Amino acid sequence: MSQPNSPVEDAPYLYEKRKAVYPKAVDGTFRRLKWAIMLVTLAIYYVTPWLRWDRGPYAPDQAVLVDMAHRRFYMFSIEIWPHEFYYVAGLLVMAGIGLFLVTSAVGRAWCGYACPQTVWTDLFQHVERWIDGDRNAQLRLDKAPWGPTKIVRRLSKWSIWLVIAVATGGAWIFYFADAPTLARDFLTGQAPAIAYSTVGVLTATTFIFGGFMREQVCIYMCPWPRIQTAMLDEKSLLVTYKDWRGEPRTHGLKKAADEGAALKTGDCIDCLQCVSVCPTGIDIREGPQIGCITCALCIDACDTVMAQIGKPRGLIDYCTLDDADIEKAGGQSAPLLKTIFRPRTLIYLGIWTSIGVAMLFALGQRTRLDLNVQHDRNPVFVQLSDGSIRNNYMVKVRNMETRPRDVELVVTGLPGAVVWTADTDRVEGRSSVDLRVAPDSIRKVRLFVAAPAKGDEHSEFKVTVKAKSGHEKGDSDEVVFERPEGLDDDEGDRE
Amino acid sequence: MAKNDKDFGPRVDTPTGTEFVGHEWDGIEELNTPLPRWWLLTFYACIIWAIGYTIMYPAWPMISRATTGVTGWTSRGQFEAEVRAQTAKRAPLLAAIAATPIEALPTKPNLMSAAVEGGKAAFKVNCVQCHGSGAAGSIGYPNLNDDDWLWGGDMKALDYTLTHGIRNPDHPATRVSQMPAFDGVLTPAEIAAVVAHVRTISGQRKADGLAQQGAALFATNCALCHGPAGKGLRNVGAPNLTDGIWLYGGDAATLTQTIKMSRQGVMPRWGQKLDATTIKMLAAYVHSLGGGEANPAPQEVAVSNVPTK
């Protein structure tokens with residue numbers, strides 16, 4: 001990592017200053033893959049809130065919207081209510097298992113390619129190279145005293161960073177409100193304070209984490225590297241320096257050519273390109289380490305050098321610990337597909353897929369008309385003047401569609417039941433009531449059910465909600481009708 | 001425990017060049033790896049923040065109470081401010097309820113449901129002592145859930161009963177009636193006959209000679225208030241004796257006691273304790289419990305141009 005300190009002689013030190021990293025620009029397969037992933041992830045992040053999706057007049061037309069105020073989560077054709085939060089929980093479980101799957105198959109690919117910290121740091125470093133020049137120019141500028149050039153360079157770099165940071169924080173809030181309206185309100189100073197503070201906090205974190213903290217976030221702050229390291233096994237792909245091929249190193253191509261015949265030399269010419277391009281500033285030749293986010297840029301750098309000195313590519317390459325042992329012994333490593341598809345990854349894939357399929361199935365089966373009936377307990381029953389008994393029920397009808405619904409509440413299984421609400425008159429012999437439920441809302445109704453006093457102390461019956469039009473299956477709830485104790489014995493004269 | 005305690009000075013881990021702390025667990029030793037500088041700065045920043053916080057807010061425990069902090073913030077003060085804010089927020093709704101005649105309240109679903117909720121809260125404070133937390137009453141205290149009303153169960157009648165109470169002797173507008181005590185007026189045998197008649201018309205007993213004898217006594221002594229058929233009279237709060245609901249009990253012993261000694265239930269007049277809006281909300285709540293009656297005809301004509309339901 002670094003040259004050994006000698007703390008015995010030095011004054012005791014309490015802190016370690018960040019060692020600045022000046023990653024060099026590089027081109028190659030993995031760099032191009034990173035470009036593509038950066039483009040896709042940033043595009044998804046910035047564009048998603050602006051996509052529109054027509055849901056009719058009673059619901060917002062934003063394709064992806066987390067509507068905290070109204071407790072709804074919209075994602076294209078799916079609308080999630082708070083009581084369906086298990087879909088979100090399921091997605092989180094899938095994300096977790098997906099991470100297990102990816103990590104056990106291809107190592108810390110999340111860290112290296114898709115993590116926002118990596119993507120934004122990468123973006124910030126490109127800006128840095130664009131303003132300050134590549135690694136050597138950056139080193140020179142850093143060492144140079146403050147002068148007009150340095151001030152202009154720094155200010156322009158920081159301004160561009162700040163613009164990116166504001167855009168990042170700004171995009172976040174659009175997921176929580178109608179994007180065009182919020183954008184207008186935000187610019188005219190009429191947006192809620194929480195919008196400004198959210199943008200402020202995210203701007204600050206983006207600016208600081210992407211511009212200054214960078215690999216410190218990965219090494220010291222983030223728990224994922226530890227967790228991911230624990231999930232790796234000897235069959236996971238790691239960025240590996242093939243020391244059995246590279247060692248002993250020779251310094252420079254010429255020396256290698258000169259001495260190649262006499263000495264047994266490795267392929268590594270100690271050009272330090274792998275160290276120069278590393279965004280976390282490590283030397284991959286020291287072996288697997290926590291600082292390696294497996295971004296594979298050192299593979300690109302080494303491949304370029306190998307091509308120049310006429311050696312085969314892959315001195316630094318994705319390789320499992322098992323394959324490293326096999327190759328070291330002179331054998332042939334297992335084919336890539338066989339490495340990736342092994343029992344462990346297949347089990348993860350199986351679990352991941354079954355949760356996904358189960359959720360899709362549940363999504364297809366869910367009813368958008370939901371009923372919940374609760375018996376009033378205080379009082380449990382009411383004696384009516386005509387001698388019958390009344391029970392009250394708190395009925396909640398959830399209309400989860402974005403149109404008003406005319407529904408019917410039907411009571412079945414309770415002989416002689418009469419049903420009414422505060423809004424409908426009691427009509428003898430009627431065991432159903434009609435209701436209109438506003439779009440995307442819950443209608444709470446107190447349902448009055450009267451039945452003859454003669455009967456069981458606890459009679460179970462069923463309340464069903466049915467749409468007046470269409471033939472979708474409704475929802476029903478089993479509830480109990482309570483009568484006073486011993487009414488049956490009370491008949492006749494006991495005088 | 002360091003293994004080489006005879007060594008002087010800190011030992012240094014050769015591969016990393018970092019000194020050991022001196023702790024060892026089963027051969028695994030802890031290195032004195034320095035903290036990152038930003039971490040340390042964050043730590044100091046937290047300390048500075050904490051000092052500022054203890055100056056601004058109540059923090060240090062003293063003998064009788066904690067330091068108050070320069071902002072003077074208290075949790076009680078915050079609570080009171082929140083209550084004030086809520087009261088201010090509710091004011092327009094209460095004003096709208098106050099401005100709406102009670103018989104027009106059901107035509108405005110928003111106001112009605114707010115009134116029912118407000119009434120529910122007021123009921124829990126003022127009424128549950130007698131009528132019970134579910135308004136189901138008990139012996140001598142009417143069940144407000146049922147469909148039997150002594151003085152009327154429409155919103156206006158409920159509002160009147162709440163405002164003026166029942167049998168408040170010092171208040172002329174109060175609802176009042178007086179059932180005589182028949183002990184001494186009727187002989188015990190005659191009382192037994194009236195009881196038999198009342199239990200017959202309420203379907204608890206088969207008609208017989210005793211009941212017929214009671215019917216004659218009922219017509220002369222009771223029918224003035226309770227009506228010839230015993231259906232009651234709301235003007236005087238005389239209960240319907242033919243239905244299934246009894247305020248004190250419909251069994252022979254209780255009825256005998258009621259006729260002998262009479263009953264004089266009292267309800268306070270809430271007009272002197274609660275404001276008119278709260279009483280209006282209480283009426284709405286009681287009306288919503290399931291036995292509420294429609295407003296009397298004249299009021300219905302008056303609001304008939306308003307679409308209902």
# chains A, B, ... in the order shown; residues from 1 in each chain; ligands from 1
>>> residues_around(residues="region 228-241 of chain B", least_positions_apart="4", cutoff="10 Å", atoms="only C-alpha atoms", output="list in words")
Ser385 of chain A; Asp148, Trp149, Leu150, Trp151, Gly152, Ile166, Arg175, Val176, Ser177, Gln178, Met179, His197, Val198, Arg199, Thr200, Ile201, Ser202, Ala215, Phe218, Ala219, Thr220, Cys222, Ala223, Leu224, Ile245, Trp246, Leu247 and Gly250 of chain B
>>> select_by_dssp(residues="region 99-226 of chain A", states="helix (DSSP H, G or I)", output="JSON, numbers by chain")
{"A": [99, 100, 101, 102, 103, 104, 105, 106, 109, 110, 111, 112, 113, 114, 116, 117, 118, 119, 120, 121, 122, 123, 124, 125, 126, 127, 128, 129, 130, 131, 132, 135, 136, 137, 138, 139, 140, 141, 142, 143, 148, 149, 150, 151, 152, 153, 154, 155, 156, 157, 158, 159, 160, 161, 162, 163, 164, 165, 166, 167, 168, 169, 170, 171, 172, 173, 179, 180, 181, 182, 183, 184, 185, 186, 187, 193, 194, 195, 196, 197, 198, 199, 200, 201, 202, 203, 204, 205, 206, 207, 208, 209, 210, 211, 212, 213, 215, 216, 217, 218, 219, 220, 221, 224, 225, 226]}
>>> residues_around(residues="region 102-112 of chain A", least_positions_apart="3", cutoff="9 Å", atoms="only C-alpha atoms", output="count of residues only")
34
>>> closest_residue(among="A:Met213, A:Ile282, A:Leu336, A:Ala358", to="chain B", atoms="only C-alpha atoms")
A:Met213
>>> select_by_dssp(residues="region 46-247 of chain A", states="strand (DSSP E or B)", output="list of chain:residue names")
A:Arg52, A:Gln62, A:Val64, A:Leu65, A:Val66, A:Asp67, A:Arg72, A:Phe73, A:Tyr74, A:Met75, A:Ile78, A:Glu79, A:Ile80, A:Leu238, A:Val239, A:Thr240, A:Tyr241
>>> closest_residue(among="B:Leu93, B:Ala181, B:Val128, B:Leu274", to="chain A", atoms="only C-alpha atoms")
B:Val128
>>> closest_residue(among="A:Phe174, A:Trp352, A:Phe461, A:Phe209", to="chain B", atoms="only C-alpha atoms")
A:Phe209
>>> residues_around(residues="Ile259 (chain B)", least_positions_apart="3", cutoff="7 Å", atoms="only C-alpha atoms", output="compact mmCIF listing (two decimals) with C-alpha atoms, in the first residue's frame")
# COMPACT_ATOMS: atom_id res chain seq x y z
CA ALA B 181 -96.35 7.61 42.88
CA PHE B 182 -99.35 5.28 43.08
CA LEU B 255 -92.76 -2.43 37.15
CA THR B 256 -94.44 -2.74 40.57
CA SER B 262 -92.63 6.52 40.32
>>> closest_residue(among="A:Asn372, A:Ile351, A:Gly387, A:Ile219", to="Gln289 (chain A)", atoms="only C-alpha atoms")
A:Ile219
>>> closest_residue(among="A:Ser77, A:Gln374, A:Asn136, A:Thr121", to="Asp54 (chain A)", atoms="only C-alpha atoms")
A:Ser77
>>> closest_residue(among="A:Leu371, A:Val275, A:Leu162, A:Val217", to="chain B", atoms="only C-alpha atoms")
A:Val217
